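Q: After the structure tokens below, expect a handful of questions from me.
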Number of protein chains: 2
Amino acid sequence: MIQLSRAEIEHLVTVDEGTVAAVRDAYVAIVDGRGNVPPVGHIAFPAANGDCHIKYGHIAGDPIFAVKIAAGFYDNPARGLPSSTGIILAISAETGEVRAILNDEGYLTDLRTGIGGAVATLALARADAADVLIVGSGIQARYQSRALAALAGQPLSFRIWGRSGEKTEAIVAELKRDGLDASVAPDLEAACREADIIITTTPSTEPLVRSDWVRPGTHITAMGADGPGKQELETVLVARADVRVADMKTQSLGHGEFSHARSAGLIGSDDCIELGGVLAGTLQGRRSDEDITIADLTGVATQDIAMARTVLERATVKQNSRD
Amino acid sequence: MIQLSRAEIEHLVTVDEGTVAAVRDAYVAIVDGRGNVPPVGHIAFPAANGDCHIKYGHIAGDPIFAVKIAAGFYDNPARGLPSSTGIILAISAETGEVRAILNDEGYLTDLRTGIGGAVATLALARADAADVLIVGSGIQARYQSRALAALAGQPLSFRIWGRSGEKTEAIVAELKRDGLDASVAPDLEAACREADIIITTTPSTEPLVRSDWVRPGTHITAMGADGPGKQELETVLVARADVRVADMKTQSLGHGEFSHARSAGLIGSDDCIELGGVLAGTLQGRRSDEDITIADLTGVATQDIAMARTVLERATVKQNSRD
């Protein structure tokens with residue numbers, strides 16, 4: 001059995017060609033029947049202001065399946081601990097033996113979420129889109145910016161808007177050190193009105209981005225609504241969009257960004273398509289430079305499987321090359 | 001983080017006082033509101049003749065919660081591998097940090113199932129019950145016999161019936177080496193007619209024990225029906241019993257031994273009680289020496305939590321005493 005620490009896993013997978021291909025394939029697996037994704041398990045710890053999600057599944061043909069246990073305990077920062085923790089088990093889909101324990105502390109989730117956002121953004125934004133607005137100043141603001149900059153075929157400019165000026169300055173400084181064209185967006189409305197691409201990465205429970213602020217041709221990737229009660233986009237903006245793309249329809253319509261428009265009766269269950277179909281070329285995403293497109297990514301176990309498989313393949317190659 | 005192998009775990013917990021107390025408490029936690037047991041997760045691998053169950057939950061007040069991943073791949077024995085594998089993670093219920101990885105390979109499940117069966121049997125059998133019939137010759141035939149012999153206040157005689165004469169002889173020899181009064185039961189019907197206690201431990205999908213063969217006063221502990229489609233007792237025997245006791249009503253009536261009588265309309269959802277209530281003294285089990293009592297144990301996550309907590313407490317004490 002292989003056991004890897006976060007530091008070891010960070011050396012094995014980054015925003016690299018093989019990992020990006022694995023994440024893309026993970027979206028396609030959702031639409032082509034290969035993905036077996038049971039409902040996410042959940043247990044809450046209200047007394048400790050925490051909860052735990054268990055995502056698991058299998059992609060037909062993969063030698064392993066993955067079980068990811070991700071906990072969020074929101075009083076941890078006051079104790080000097082990260083609020084999110086995580087561990088992924090890779091288990092043989094042929095014998096049930098545990099092949100690897102990936103003590104990634106949430107790195108693989110952060111990375112696959114960053115890559116997934118960039119893949120969706122590039123699949124749906126206008127070809128000439130250059131001005132990117134990142135809404136939020138947390139971990140995913142960083143991962144989304146870096147993955148998108150790495151995968152875009154042309155230079156992009158990044159503007160970051162956050163509630164906390166200090167945190168926003170810090171992330172801009174970090175991204176600049178990485179060589180990105182980054183600056184602080186002081187005003188959310190003004191920044192939305194100028195953006196070609198808006199990527200929302202907050203845990204907001206009320207809409208931040210208003211429909212009036214979004215011009216035709218804009219693409220929005222909404223990363224934040226990963227559970228009931230969360231919302232980053234005004235409901236009428238979701239209803240107004242020309243193309244709505246979900247990573248997994250049941251999740252997006254059930255508890256993601258699209259769920260509010262659906263509950264309000266503004267869209268039906270046929271009014272969104274799945275990203276995997278767009279990536280595979282079987283479904284059309286953006287139709288014109290005037291379309292408003294929205295990708296709502298709630299996070300799917302196939303991505304975790306793809307990351308675990310990639311880590312395991314590379315760890316095994318490394319091990320064999322040492323033997 | 002603590003990591004323990006099966007051999008290390010076998011040294012820490014056996015059929016001992018503290019472990020038995022933890023298993024008893026795990027049953028009580030189901031009825032007194034402390035147990036938070038979400039539905040069991042499941043994923044099937046039909047091409048590999050395998051499946052995987054994820055049991056998880058928390059007992060209010062416990063410092064940890066547990067996630068158990070148990071796989072069964074039924075073609076494994078042909079490859080020289082055990083068909084069941086398992087791993088338990090003990091995670092802080094205060095911070096979400098993984099405290100321990102228990103690579104028990106199913107030992108803790110076998111042990112808690114053995115102890116649980118013995119606890120239920122002793123709570124419900126007649127005080128003078130002495131003749132025990134074990135139906136089945138697999139792992140649980142061993143664990144049930146050993147735990148019951150260890151916990152009973154008086155000497156018991158064990159008769160073992162199995163489909164395979166060879167396997168049955170082997171288990172009898174093993175139990176004799178352990179000092180138990182054990183012998184082969186060549187005929188299931190005759191053995192049922194003579195038994196005070198019948199413990200069924202098979203993966204049977206059709207009834208093995210007929211109602212006609214069971215005399216008044218008998219107690220039956222049914223361990224096998226842990227998933228849909230399994231059945232060890234004739235449906236009319238379940239309906240005929242004077243007292244039906246489940247580890248967890250929703251599981252027993254949903255997919256356990258009691259589910260068939262319920263589907264047939266022979267019993268209702270109020271026609272069984274939970275073991276934790278009997279152990280806590282708030283519910284009455286056996287009422288007379290003529291009662292037929294049946295305990296149906298499907299396995300509940302609180303037992304896995306209790307085992308993980310006990311292992312962790314003892315491993316920590318051991319570690320501290322070395323420091």
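All residue names refer to the structure tokens as shown: chains lettered A, B, ... in order, residues numbered from 1 in each chain, ligands numbered from 1 in order.
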Could you go through range 115-214 of chain B and tell me which residues DSSP, when run on the backbone, assigns to strand (DSSP E), listing them as JSON, numbers by chain?

A: {"B": [131, 132, 133, 134, 135, 157, 158, 159, 160, 161, 181, 182, 183, 184, 197, 198, 199, 200]}

Q: With C-alpha atoms kept, could you save the residues just selected as a short mmCIF file (atom, residue, chain, number, x, y, z; two decimals), in the first residue's frame?

A:
```cif
data_model
loop_
_atom_site.label_atom_id
_atom_site.label_comp_id
_atom_site.auth_asym_id
_atom_site.auth_seq_id
_atom_site.Cartn_x
_atom_site.Cartn_y
_atom_site.Cartn_z
CA ASP B 131 -27.31 -26.20 24.10
CA VAL B 132 -26.13 -23.87 21.37
CA LEU B 133 -26.48 -24.63 17.67
CA ILE B 134 -24.32 -22.60 15.30
CA VAL B 135 -25.63 -22.63 11.72
CA SER B 157 -22.20 -26.97 24.56
CA PHE B 158 -21.77 -25.96 20.93
CA ARG B 159 -22.99 -27.95 17.96
CA ILE B 160 -21.97 -26.72 14.53
CA TRP B 161 -23.92 -27.36 11.34
CA ASP B 181 -17.38 -28.28 24.25
CA ALA B 182 -17.99 -28.51 20.49
CA SER B 183 -19.23 -31.16 18.08
CA VAL B 184 -20.58 -31.50 14.56
CA ILE B 197 -30.03 -21.22 21.31
CA ILE B 198 -29.69 -21.10 17.51
CA ILE B 199 -27.20 -18.66 15.99
CA THR B 200 -27.34 -18.34 12.22
#
```

Q: Which chain B residues are at most 10 Å from chain A (counting only C-alpha atoms), as a VMD selection string?

A: chain B and resid 36 to 45 47 to 52 54 to 58 60 to 61 65 67 69 to 77 79 81 to 87 89 91 to 98 101 103 105

Q: CA of Arg314 in chain A and CA of Val13 in chain A are how many Å apart?

A: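 Between these atoms lies a distance of 8.4 Å.
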
Q: Interatomic distance between CA of Gln144 in chain A and CA of Ala78 in chain A?

A: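 Result for CA of Gln144 in chain A versus CA of Ala78 in chain A: 26.3 Å, one decimal.
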
Q: Provide the CA of Ala280 in chain B to CA of Gly227 in chain B distance in Å, to one decimal place.

A: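 Computed distance, CA of Ala280 in chain B to CA of Gly227 in chain B, equals 26.9 Å.
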
Q: Can you tell me which residues surround Thr121 in chain A at a distance of at most 8 Å, considering only C-alpha atoms, apart from same-chain residues fewer than 5 positions away, and format the answer as a list of chain:residue names?

A: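 Answer for this query is A:Leu148, A:Ile197, A:His219, A:Ile220, A:Thr221, A:Ala295.
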